[in-house]
file start_26.cif (mmCIF, C-alpha atoms)
data_run
#
loop_
_atom_site.label_atom_id
_atom_site.label_comp_id
_atom_site.auth_asym_id
_atom_site.auth_seq_id
_atom_site.Cartn_x
_atom_site.Cartn_y
_atom_site.Cartn_z
CA ASN N 281 50.11 -69.33 87.43
CA ASP N 282 48.66 -72.78 87.35
CA GLY N 283 48.84 -72.83 83.60
CA LEU N 284 45.13 -72.78 83.17
CA THR N 285 43.46 -70.63 80.39
CA ALA N 286 40.11 -69.09 79.79
CA THR N 287 38.56 -67.67 76.53
CA ALA N 288 35.76 -65.26 75.69
CA THR N 289 34.19 -64.12 72.37
CA VAL N 290 32.67 -60.90 71.13
CA THR N 291 30.67 -60.41 67.96
CA VAL N 292 31.48 -57.43 65.74
CA THR N 293 28.98 -56.50 63.02
CA VAL N 294 30.39 -54.49 60.13
CA SER N 295 27.78 -52.92 57.78
CA GLU N 296 28.20 -51.40 54.30
CA PRO N 297 29.18 -47.73 54.37
CA GLU N 298 26.46 -45.18 53.63
CA PRO N 299 26.56 -44.33 49.92
CA GLU N 300 27.59 -40.86 48.92
CA PRO N 301 24.52 -38.74 48.21
CA GLN N 302 23.96 -38.27 44.48
CA ALA N 303 23.20 -34.98 42.83
CA PRO N 304 19.89 -34.47 41.04
CA THR N 305 19.58 -34.30 37.24
CA ALA N 306 18.06 -31.11 35.84
CA VAL N 307 16.11 -31.21 32.57
CA ALA N 308 14.86 -27.91 31.12
CA SER N 309 12.61 -27.39 28.11
CA ALA N 310 10.68 -24.46 26.68
CA SER N 311 7.93 -23.77 24.19
CA PRO N 312 8.29 -21.94 21.90
CA THR N 313 12.05 -21.55 21.66
CA SER N 314 11.89 -18.84 18.98
CA GLY N 315 9.54 -16.15 17.76
CA VAL N 316 8.83 -12.48 17.40
CA ALA N 317 8.98 -10.08 20.35
CA PRO N 318 7.08 -9.92 22.62
CA LEU N 319 7.49 -13.69 22.96
CA ALA N 320 5.68 -15.57 25.76
CA VAL N 321 7.53 -18.78 26.67
CA ALA N 322 6.35 -21.66 28.87
CA PHE N 323 9.23 -23.41 30.68
CA ASP N 324 9.16 -27.00 31.97
CA ALA N 325 11.45 -28.71 34.51
CA SER N 326 9.19 -31.69 35.23
CA GLY N 327 11.66 -34.05 33.55
CA SER N 328 14.24 -33.39 36.29
CA SER N 329 14.93 -36.20 38.82
CA ASP N 330 16.96 -37.19 41.92
CA PRO N 331 18.29 -40.78 42.10
CA ASP N 332 18.44 -40.96 45.91
CA GLY N 333 15.86 -38.49 47.09
CA THR N 334 13.59 -35.72 46.00
CA ILE N 335 13.97 -32.35 44.37
CA LEU N 336 12.99 -29.60 46.72
CA SER N 337 13.25 -26.50 44.52
CA PHE N 338 13.34 -25.32 40.90
CA GLU N 339 14.99 -21.96 40.24
CA TRP N 340 15.14 -20.24 36.85
CA ASN N 341 17.32 -17.51 35.41
CA PHE N 342 15.66 -16.47 32.14
CA GLY N 343 18.79 -14.79 30.77
CA ASP N 344 17.33 -11.31 30.35
CA GLY N 345 17.71 -10.21 33.96
CA SER N 346 14.51 -11.90 35.10
CA SER N 347 14.07 -15.01 37.24
CA GLY N 348 11.38 -17.42 38.32
CA VAL N 349 10.67 -20.47 40.47
CA GLY N 350 8.69 -23.67 40.12
CA ALA N 351 8.63 -26.59 37.76
CA ASN N 352 6.49 -24.83 35.11
CA PRO N 353 6.98 -21.06 35.06
CA SER N 354 6.23 -18.72 32.15
CA HIS N 355 8.12 -15.65 30.98
CA THR N 356 7.71 -13.05 28.24
CA TYR N 357 10.72 -11.71 26.34
CA THR N 358 10.05 -8.16 25.17
CA THR N 359 13.32 -7.41 23.36
CA ALA N 360 14.88 -9.15 20.39
CA GLY N 361 17.96 -11.23 21.16
CA THR N 362 19.27 -14.71 21.96
CA TYR N 363 18.80 -15.73 25.60
CA THR N 364 20.08 -18.69 27.63
CA ALA N 365 17.57 -19.69 30.31
CA THR N 366 19.17 -21.68 33.15
CA LEU N 367 17.34 -24.10 35.47
CA THR N 368 18.87 -25.00 38.86
CA VAL N 369 17.31 -27.83 40.89
CA VAL N 370 18.15 -28.56 44.57
CA ASP N 371 17.50 -31.96 46.19
CA ASP N 372 16.97 -33.03 49.80
CA ASP N 373 20.72 -33.51 50.24
CA GLY N 374 21.37 -29.92 49.27
CA LEU N 375 22.95 -31.00 46.03
CA THR N 376 22.19 -29.15 42.79
CA GLY N 377 21.87 -29.81 39.10
CA THR N 378 21.59 -27.34 36.20
CA ALA N 379 20.27 -27.34 32.65
CA THR N 380 19.90 -24.66 30.00
CA VAL N 381 17.64 -23.91 27.06
CA THR N 382 18.19 -21.27 24.36
CA ILE N 383 15.47 -18.80 23.37
CA THR N 384 15.79 -16.75 20.16
CA VAL N 385 13.63 -13.61 19.93
CA SER N 386 13.45 -11.66 16.66
CA GLU N 387 12.32 -8.12 15.91
CA PRO N 388 8.59 -7.74 15.31
CA GLU N 389 7.42 -7.20 11.75
CA PRO N 390 6.87 -3.50 11.07
CA GLU N 391 3.30 -2.33 10.61
CA PRO N 392 2.43 -2.28 6.91
CA GLN N 393 2.39 1.21 5.42
CA ALA N 394 -0.32 2.52 3.15
CA PRO N 395 0.47 3.44 -0.46
CA THR N 396 0.48 6.99 -1.82
CA ALA N 397 -1.88 7.76 -4.69
CA VAL N 398 -0.97 10.41 -7.29
CA ALA N 399 -3.52 11.20 -9.99
CA SER N 400 -3.03 13.49 -12.97
CA ALA N 401 -4.96 14.20 -16.15
CA SER N 402 -4.43 15.83 -19.53
CA PRO N 403 -6.15 17.99 -20.51
CA THR N 404 -7.94 19.16 -17.39
CA SER N 405 -10.24 21.54 -19.25
CA GLY N 406 -11.78 21.90 -22.66
CA VAL N 407 -14.94 21.79 -24.72
CA ALA N 408 -17.31 18.83 -24.72
CA PRO N 409 -16.86 16.16 -25.90
CA LEU N 410 -13.54 16.18 -24.01
CA ALA N 411 -11.22 13.15 -24.22
CA VAL N 412 -9.00 13.00 -21.14
CA SER N 413 -5.96 10.79 -20.49
CA PHE N 414 -5.54 9.92 -16.81
CA ASP N 415 -2.28 8.85 -15.18
CA GLY N 416 -1.78 7.11 -11.82
CA SER N 417 1.75 5.87 -12.51
CA GLY N 418 3.23 8.35 -10.03
CA SER N 419 1.62 6.41 -7.18
CA SER N 420 3.93 4.38 -4.91
CA ASP N 421 4.04 1.99 -1.95
CA PRO N 422 6.89 2.31 0.61
CA ASP N 423 6.92 -1.34 1.69
CA GLY N 424 5.49 -3.28 -1.21
CA THR N 425 3.74 -2.92 -4.53
CA ILE N 426 0.52 -1.43 -5.84
CA VAL N 427 -1.71 -4.20 -7.16
CA SER N 428 -4.68 -2.24 -8.51
CA TYR N 429 -5.71 1.18 -9.82
CA GLU N 430 -9.41 2.03 -9.79
CA TRP N 431 -10.88 5.25 -11.20
CA ASP N 432 -14.18 7.02 -10.62
CA PHE N 433 -14.41 9.66 -13.34
CA GLY N 434 -17.06 11.65 -11.51
CA ASP N 435 -19.70 11.47 -14.23
CA GLY N 436 -20.90 7.94 -13.51
CA GLY N 437 -18.09 6.37 -15.51
CA SER N 438 -15.27 4.26 -14.08
CA GLY N 439 -12.06 2.62 -15.22
CA VAL N 440 -9.08 0.54 -14.13
CA GLY N 441 -5.37 0.57 -14.77
CA ALA N 442 -2.58 3.07 -14.29
CA LYS N 443 -3.35 5.04 -17.47
CA PRO N 444 -6.98 4.92 -18.55
CA SER N 445 -8.77 7.35 -20.87
CA HIS N 446 -12.27 8.75 -20.61
CA THR N 447 -14.43 11.09 -22.67
CA TYR N 448 -16.72 13.62 -20.98
CA THR N 449 -19.72 14.33 -23.19
CA THR N 450 -21.57 16.81 -20.98
CA ALA N 451 -20.42 20.19 -19.73
CA GLY N 452 -19.65 20.42 -16.03
CA THR N 453 -16.92 20.27 -13.41
CA TYR N 454 -15.97 16.71 -12.49
CA THR N 455 -13.80 15.27 -9.72
CA ALA N 456 -12.04 12.13 -10.93
CA THR N 457 -10.87 9.94 -8.04
CA LEU N 458 -8.08 7.36 -8.16
CA THR N 459 -8.00 4.58 -5.55
CA VAL N 460 -4.85 2.45 -5.34
CA THR N 461 -4.57 -0.81 -3.38
CA ASP N 462 -1.25 -2.34 -2.29
CA ASN N 463 -0.21 -5.94 -1.59
CA ASP N 464 -1.15 -5.51 2.08
CA GLY N 465 -4.71 -4.57 1.16
CA LEU N 466 -4.22 -0.95 2.20
CA THR N 467 -5.62 1.84 0.04
CA ALA N 468 -5.04 5.49 -0.78
CA THR N 469 -6.92 7.99 -2.92
CA SER N 470 -6.10 11.02 -5.03
CA SER N 471 -8.33 13.24 -7.13
CA VAL N 472 -8.06 15.60 -10.08
CA THR N 473 -10.61 18.13 -11.31
CA VAL N 474 -11.69 18.23 -14.94
CA LYS N 475 -13.70 21.20 -16.24
CA VAL N 476 -15.74 20.61 -19.36
CA ASP N 477 -17.17 23.63 -21.18
CA PRO N 478 -20.25 23.45 -23.39
CA THR N 479 -19.75 23.15 -27.12
CA PRO N 480 -19.98 26.71 -28.51
CA PRO N 481 -22.86 27.25 -30.92
CA GLN N 482 -21.91 27.62 -34.55
CA PRO N 483 -22.15 31.24 -35.65
CA GLN N 484 -25.07 31.87 -37.99
CA GLY N 485 -24.57 34.48 -40.70
CA ASP N 486 -26.95 37.07 -42.01
CA LYS N 487 -26.88 38.42 -45.51
CA VAL N 488 -23.58 39.59 -46.86
CA THR N 489 -23.49 42.95 -48.55
CA ILE N 490 -20.58 43.50 -50.88
CA LYS N 491 -19.81 46.73 -52.61
CA ILE N 492 -16.99 46.47 -55.09
CA THR N 493 -15.60 49.86 -54.19
CA GLY N 494 -16.82 50.00 -50.66
CA ALA N 495 -16.63 48.14 -47.39
CA TYR N 496 -17.47 44.53 -46.56
CA THR N 497 -20.05 44.25 -43.82
CA TYR N 498 -20.90 40.87 -42.25
CA SER N 499 -23.14 40.50 -39.21
CA LEU N 500 -23.68 37.43 -37.00
CA THR N 501 -26.80 36.29 -35.26
CA GLY N 502 -27.06 33.91 -32.31
CA ASN N 503 -25.08 33.74 -29.07
CA ALA N 504 -21.75 32.57 -30.33
CA SER N 505 -18.97 33.23 -27.82
CA SER N 506 -16.19 32.19 -30.15
CA GLY N 507 -15.57 30.99 -33.66
CA ASP N 508 -13.70 32.03 -36.76
CA ILE N 509 -15.25 33.05 -40.05
CA LYS N 510 -13.47 31.37 -42.93
CA THR N 511 -15.83 31.44 -45.91
CA VAL N 512 -19.32 32.54 -46.78
CA THR N 513 -21.25 30.85 -49.55
CA ASP N 514 -24.25 32.32 -51.31
CA ARG N 515 -25.95 31.68 -54.59
CA LEU N 516 -23.59 34.01 -56.41
CA GLY N 517 -20.34 32.41 -55.34
CA VAL N 518 -17.92 31.93 -52.47
CA VAL N 519 -16.49 34.75 -50.39
CA SER N 520 -13.12 33.82 -48.87
CA VAL N 521 -11.81 35.81 -45.94
CA LYS N 522 -8.12 36.64 -45.69
CA GLY N 523 -7.31 36.80 -42.01
CA THR N 524 -9.38 35.81 -39.00
CA VAL N 525 -12.69 37.33 -38.12
CA LYS N 526 -13.72 36.83 -34.51
CA VAL N 527 -17.15 37.52 -33.12
CA GLY N 528 -17.45 41.30 -33.05
CA THR N 529 -16.32 43.88 -35.56
CA ALA N 530 -13.22 43.57 -37.72
CA THR N 531 -11.77 44.91 -40.94
CA VAL N 532 -10.45 42.27 -43.34
CA THR N 533 -9.54 41.75 -46.95
CA ILE N 534 -11.90 39.57 -48.98
CA ASN N 535 -11.82 37.92 -52.36
CA LEU N 536 -14.97 37.26 -54.31
CA GLU N 537 -15.00 34.27 -56.57
CA ARG N 538 -17.96 33.96 -58.90
CA LEU N 539 -18.86 31.17 -61.23
CA TRP N 540 -20.21 32.45 -64.52
CA LEU N 541 -22.34 30.11 -66.62
CA LEU N 542 -22.04 30.92 -70.34
CA PRO N 543 -24.65 29.69 -72.79
CA VAL N 544 -23.42 27.03 -75.17
CA TYR N 545 -25.05 26.65 -78.58
CA THR N 546 -25.05 23.22 -80.09
CA GLY N 547 -26.74 23.44 -83.46
CA ARG N 548 -26.87 21.40 -86.52
#

call {"tool": "encode", "arguments": {"input": "start_26.cif", "output": "structure tokens"}}
result
Amino acid sequence: NDGLTATATVTVTVSEPEPEPQAPTAVASASPTSGVAPLAVAFDASGSSDPDGTILSFEWNFGDGSSGVGANPSHTYTTAGTYTATLTVVDDDGLTGTATVTITVSEPEPEPQAPTAVASASPTSGVAPLAVSFDGSGSSDPDGTIVSYEWDFGDGGSGVGAKPSHTYTTAGTYTATLTVTDNDGLTATSSVTVKVDPTPPQPQGDKVTIKITGAYTYSLTGNASSGDIKTVTDRLGVVSVKGTVKVGTATVTINLERLWLLPVYTGR
């Protein structure tokens, strides 16, 4: 009331406001990102960061119903398909960041299948020497091509190609084996049996007795099992047989041709 005044001061300090916490940045990578099932994939989140703190956890959803944790997990995809793997990182402020990586898994290659060998021959039996034509062209490969045909003729001889030929010179029963190889290196075999008979001995004739008004008798010596008699030659001429005479006894019609030499006089 006397008009006097008094003053006092107080200091107020105003500081900058606390910055808003910043979310982390997630970085996801994988190797490999494609391949054939089952595909083992290594994941990597080590490129993730937090600008104002630290990342506390790494959580993964691999996209096929499986999950994992950690900065460097691994996972195997067993079924073909395209999968999106998702990484979620959480920092010390409880904030999160996500990143994804795509994994493509294809069907596995089927196991290569062996070829099928088919061997045939013509003829499969006969008298030595027997020329035989072999055929492997009926062979096939379900998932590729046949690249070679190899033959073992069973008598020490061999050949190559789909249609070789071979001559058996000795009597016997032979198993000819075909081996085919396909473009995967797989093989198959097939065999065919060839029966070679011995060459029949030539029939040897005895003397021929001919009676003009009687019967014709011809006898064979030796062990001939087959053979036809066509003609008989002696010093008097040629006997031709009408019909076929097998080994044994038969009645046939014959014609006798004789060459007569007449004397020729050349005088002066």

call {"tool": "resolve_selection", "arguments": {"input": "start_26.cif", "expression": "the PyMOL selection byres ((chain N and resi 438) around 12)", "output": "ChimeraX atom specification"}}
result
/N:414,429-437,439-441,444-448,455-459

call {"tool": "atom_distance", "arguments": {"input": "start_26.cif", "atom1": "CA of Thr305 in chain N", "atom2": "CA of Ala325 in chain N"}}
result
10.2 Å

call {"tool": "closest_residue", "arguments": {"input": "start_26.cif", "among": "N:Gly327, N:Pro312, N:Pro422, N:Gly361", "to": "Pro388 in chain N", "atoms": "all atoms listed in the file"}}
result
N:Gly361

call {"tool": "atom_distance", "arguments": {"input": "start_26.cif", "atom1": "CA of Thr334 in chain N", "atom2": "CA of Thr368 in chain N"}}
result
13.9 Å

call {"tool": "atom_distance", "arguments": {"input": "start_26.cif", "atom1": "CA of Val349 in chain N", "atom2": "CA of Val381 in chain N"}}
result
15.5 Å

call {"tool": "resolve_selection", "arguments": {"input": "start_26.cif", "expression": "the PyMOL selection byres ((chain N and resi 300) around 12)", "output": "VMD selection string"}}
result
chain N and resid 296 to 299 301 to 303 331 to 332 373 375

call {"tool": "resolve_selection", "arguments": {"input": "start_26.cif", "expression": "the PyMOL selection byres ((chain N and resi 390-398) around 8)", "output": "list in words"}}
result
Pro388, Glu389, Ala399, Ser400, Gly416, Ser417, Gly418, Ser419, Ser420, Asp421, Pro422, Asp423, Ile426, Leu458, Thr459, Val460, Thr461, Asp462, Asp464, Leu466, Thr467, Ala468, Thr469, Ser470 and Ser471 of chain N

call {"tool": "closest_residue", "arguments": {"input": "start_26.cif", "among": "N:Tyr454, N:Tyr363, N:Phe338, N:Tyr357", "to": "Pro304 in chain N", "atoms": "all atoms listed in the file"}}
result
N:Phe338

call {"tool": "closest_residue", "arguments": {"input": "start_26.cif", "among": "N:Thr287, N:Thr359, N:Thr384, N:Asn281", "to": "Gly315 in chain N", "atoms": "all atoms listed in the file"}}
result
N:Thr384

call {"tool": "closest_residue", "arguments": {"input": "start_26.cif", "among": "N:Gly283, N:Pro403, N:Pro409, N:Gly343", "to": "Val474 in chain N", "atoms": "only C-alpha atoms"}}
result
N:Pro403

call {"tool": "closest_residue", "arguments": {"input": "start_26.cif", "among": "N:Thr479, N:Thr376, N:Ser347, N:Ser428", "to": "Ile335 in chain N", "atoms": "all atoms listed in the file"}}
result
N:Thr376

call {"tool": "residues_around", "arguments": {"input": "start_26.cif", "residues": "Thr362 in chain N", "least_positions_apart": "3", "cutoff": "9 Å", "atoms": "all atoms listed in the file", "output": "PyMOL selection string"}}
result
chain N and resi 314+343+382-386

call {"tool": "build_atoms", "arguments": {"input": "start_26.cif", "residues": "range 286-317 of chain N", "atoms": "N, CA and C atoms", "output": "PDB file, in the coordinates of the input"}}
result
ATOM      1  N   ALA N 286      41.553 -69.374  79.963  1.00  0.00           N
ATOM      2  CA  ALA N 286      40.110 -69.090  79.790  1.00  0.00           C
ATOM      3  C   ALA N 286      39.939 -68.278  78.501  1.00  0.00           C
ATOM      4  N   THR N 287      38.815 -68.410  77.787  1.00  0.00           N
ATOM      5  CA  THR N 287      38.560 -67.670  76.530  1.00  0.00           C
ATOM      6  C   THR N 287      37.205 -66.989  76.600  1.00  0.00           C
ATOM      7  N   ALA N 288      37.050 -65.984  75.824  1.00  0.00           N
ATOM      8  CA  ALA N 288      35.760 -65.260  75.690  1.00  0.00           C
ATOM      9  C   ALA N 288      35.634 -64.787  74.238  1.00  0.00           C
ATOM     10  N   THR N 289      34.423 -64.574  73.766  1.00  0.00           N
ATOM     11  CA  THR N 289      34.190 -64.120  72.370  1.00  0.00           C
ATOM     12  C   THR N 289      33.346 -62.858  72.376  1.00  0.00           C
ATOM     13  N   VAL N 290      33.494 -62.103  71.334  1.00  0.00           N
ATOM     14  CA  VAL N 290      32.670 -60.900  71.130  1.00  0.00           C
ATOM     15  C   VAL N 290      32.320 -60.837  69.636  1.00  0.00           C
ATOM     16  N   THR N 291      31.136 -60.481  69.369  1.00  0.00           N
ATOM     17  CA  THR N 291      30.670 -60.410  67.960  1.00  0.00           C
ATOM     18  C   THR N 291      30.740 -58.964  67.477  1.00  0.00           C
ATOM     19  N   VAL N 292      31.363 -58.765  66.362  1.00  0.00           N
ATOM     20  CA  VAL N 292      31.480 -57.430  65.740  1.00  0.00           C
ATOM     21  C   VAL N 292      30.718 -57.459  64.410  1.00  0.00           C
ATOM     22  N   THR N 293      29.774 -56.583  64.278  1.00  0.00           N
ATOM     23  CA  THR N 293      28.980 -56.500  63.020  1.00  0.00           C
ATOM     24  C   THR N 293      29.463 -55.295  62.212  1.00  0.00           C
ATOM     25  N   VAL N 294      29.901 -55.555  61.025  1.00  0.00           N
ATOM     26  CA  VAL N 294      30.390 -54.490  60.130  1.00  0.00           C
ATOM     27  C   VAL N 294      29.374 -54.325  58.985  1.00  0.00           C
ATOM     28  N   SER N 295      28.776 -53.168  58.868  1.00  0.00           N
ATOM     29  CA  SER N 295      27.780 -52.920  57.780  1.00  0.00           C
ATOM     30  C   SER N 295      28.424 -52.139  56.620  1.00  0.00           C
ATOM     31  N   GLU N 296      27.723 -52.142  55.470  1.00  0.00           N
ATOM     32  CA  GLU N 296      28.200 -51.400  54.300  1.00  0.00           C
ATOM     33  C   GLU N 296      28.196 -49.902  54.628  1.00  0.00           C
ATOM     34  N   PRO N 297      29.169 -49.178  54.106  1.00  0.00           N
ATOM     35  CA  PRO N 297      29.180 -47.730  54.370  1.00  0.00           C
ATOM     36  C   PRO N 297      27.997 -47.044  53.670  1.00  0.00           C
ATOM     37  N   GLU N 298      27.536 -45.968  54.248  1.00  0.00           N
ATOM     38  CA  GLU N 298      26.460 -45.180  53.630  1.00  0.00           C
ATOM     39  C   GLU N 298      26.939 -44.665  52.265  1.00  0.00           C
ATOM     40  N   PRO N 299      26.125 -44.833  51.235  1.00  0.00           N
ATOM     41  CA  PRO N 299      26.560 -44.330  49.920  1.00  0.00           C
ATOM     42  C   PRO N 299      26.640 -42.810  49.927  1.00  0.00           C
ATOM     43  N   GLU N 300      27.510 -42.301  49.073  1.00  0.00           N
ATOM     44  CA  GLU N 300      27.590 -40.860  48.920  1.00  0.00           C
ATOM     45  C   GLU N 300      26.284 -40.353  48.299  1.00  0.00           C
ATOM     46  N   PRO N 301      25.744 -39.273  48.819  1.00  0.00           N
ATOM     47  CA  PRO N 301      24.520 -38.740  48.210  1.00  0.00           C
ATOM     48  C   PRO N 301      24.792 -38.329  46.756  1.00  0.00           C
ATOM     49  N   GLN N 302      23.810 -38.573  45.909  1.00  0.00           N
ATOM     50  CA  GLN N 302      23.960 -38.270  44.480  1.00  0.00           C
ATOM     51  C   GLN N 302      23.188 -36.998  44.117  1.00  0.00           C
ATOM     52  N   ALA N 303      23.818 -36.249  43.250  1.00  0.00           N
ATOM     53  CA  ALA N 303      23.200 -34.980  42.830  1.00  0.00           C
ATOM     54  C   ALA N 303      22.001 -35.241  41.925  1.00  0.00           C
ATOM     55  N   PRO N 304      21.054 -34.326  41.925  1.00  0.00           N
ATOM     56  CA  PRO N 304      19.890 -34.470  41.040  1.00  0.00           C
ATOM     57  C   PRO N 304      20.275 -34.177  39.583  1.00  0.00           C
ATOM     58  N   THR N 305      19.402 -34.581  38.667  1.00  0.00           N
ATOM     59  CA  THR N 305      19.580 -34.300  37.240  1.00  0.00           C
ATOM     60  C   THR N 305      18.522 -33.285  36.807  1.00  0.00           C
ATOM     61  N   ALA N 306      18.987 -32.155  36.301  1.00  0.00           N
ATOM     62  CA  ALA N 306      18.060 -31.110  35.840  1.00  0.00           C
ATOM     63  C   ALA N 306      17.784 -31.285  34.354  1.00  0.00           C
ATOM     64  N   VAL N 307      16.527 -31.161  33.980  1.00  0.00           N
ATOM     65  CA  VAL N 307      16.110 -31.210  32.570  1.00  0.00           C
ATOM     66  C   VAL N 307      15.199 -30.009  32.318  1.00  0.00           C
ATOM     67  N   ALA N 308      15.635 -29.129  31.417  1.00  0.00           N
ATOM     68  CA  ALA N 308      14.860 -27.910  31.120  1.00  0.00           C
ATOM     69  C   ALA N 308      14.387 -27.952  29.673  1.00  0.00           C
ATOM     70  N   SER N 309      13.145 -27.548  29.467  1.00  0.00           N
ATOM     71  CA  SER N 309      12.610 -27.390  28.110  1.00  0.00           C
ATOM     72  C   SER N 309      11.753 -26.136  28.063  1.00  0.00           C
ATOM     73  N   ALA N 310      11.462 -25.684  26.846  1.00  0.00           N
ATOM     74  CA  ALA N 310      10.680 -24.460  26.680  1.00  0.00           C
ATOM     75  C   ALA N 310       9.868 -24.543  25.400  1.00  0.00           C
ATOM     76  N   SER N 311       8.769 -23.828  25.389  1.00  0.00           N
ATOM     77  CA  SER N 311       7.930 -23.770  24.190  1.00  0.00           C
ATOM     78  C   SER N 311       7.212 -22.426  24.124  1.00  0.00           C
ATOM     79  N   PRO N 312       7.390 -21.668  23.029  1.00  0.00           N
ATOM     80  CA  PRO N 312       8.290 -21.940  21.900  1.00  0.00           C
ATOM     81  C   PRO N 312       9.708 -21.527  22.245  1.00  0.00           C
ATOM     82  N   THR N 313      10.654 -21.950  21.437  1.00  0.00           N
ATOM     83  CA  THR N 313      12.050 -21.550  21.660  1.00  0.00           C
ATOM     84  C   THR N 313      12.477 -20.425  20.726  1.00  0.00           C
ATOM     85  N   SER N 314      11.580 -19.978  19.854  1.00  0.00           N
ATOM     86  CA  SER N 314      11.890 -18.840  18.980  1.00  0.00           C
ATOM     87  C   SER N 314      10.595 -18.176  18.555  1.00  0.00           C
ATOM     88  N   GLY N 315      10.709 -16.904  18.195  1.00  0.00           N
ATOM     89  CA  GLY N 315       9.540 -16.150  17.760  1.00  0.00           C
ATOM     90  C   GLY N 315       9.798 -14.671  17.786  1.00  0.00           C
ATOM     91  N   VAL N 316       8.755 -13.929  17.503  1.00  0.00           N
ATOM     92  CA  VAL N 316       8.830 -12.480  17.400  1.00  0.00           C
ATOM     93  C   VAL N 316       8.490 -11.842  18.741  1.00  0.00           C
ATOM     94  N   ALA N 317       9.256 -10.805  19.102  1.00  0.00           N
ATOM     95  CA  ALA N 317       8.980 -10.080  20.350  1.00  0.00           C
ATOM     96  C   ALA N 317       7.661  -9.313  20.229  1.00  0.00           C
TER      97      ALA N 317
END
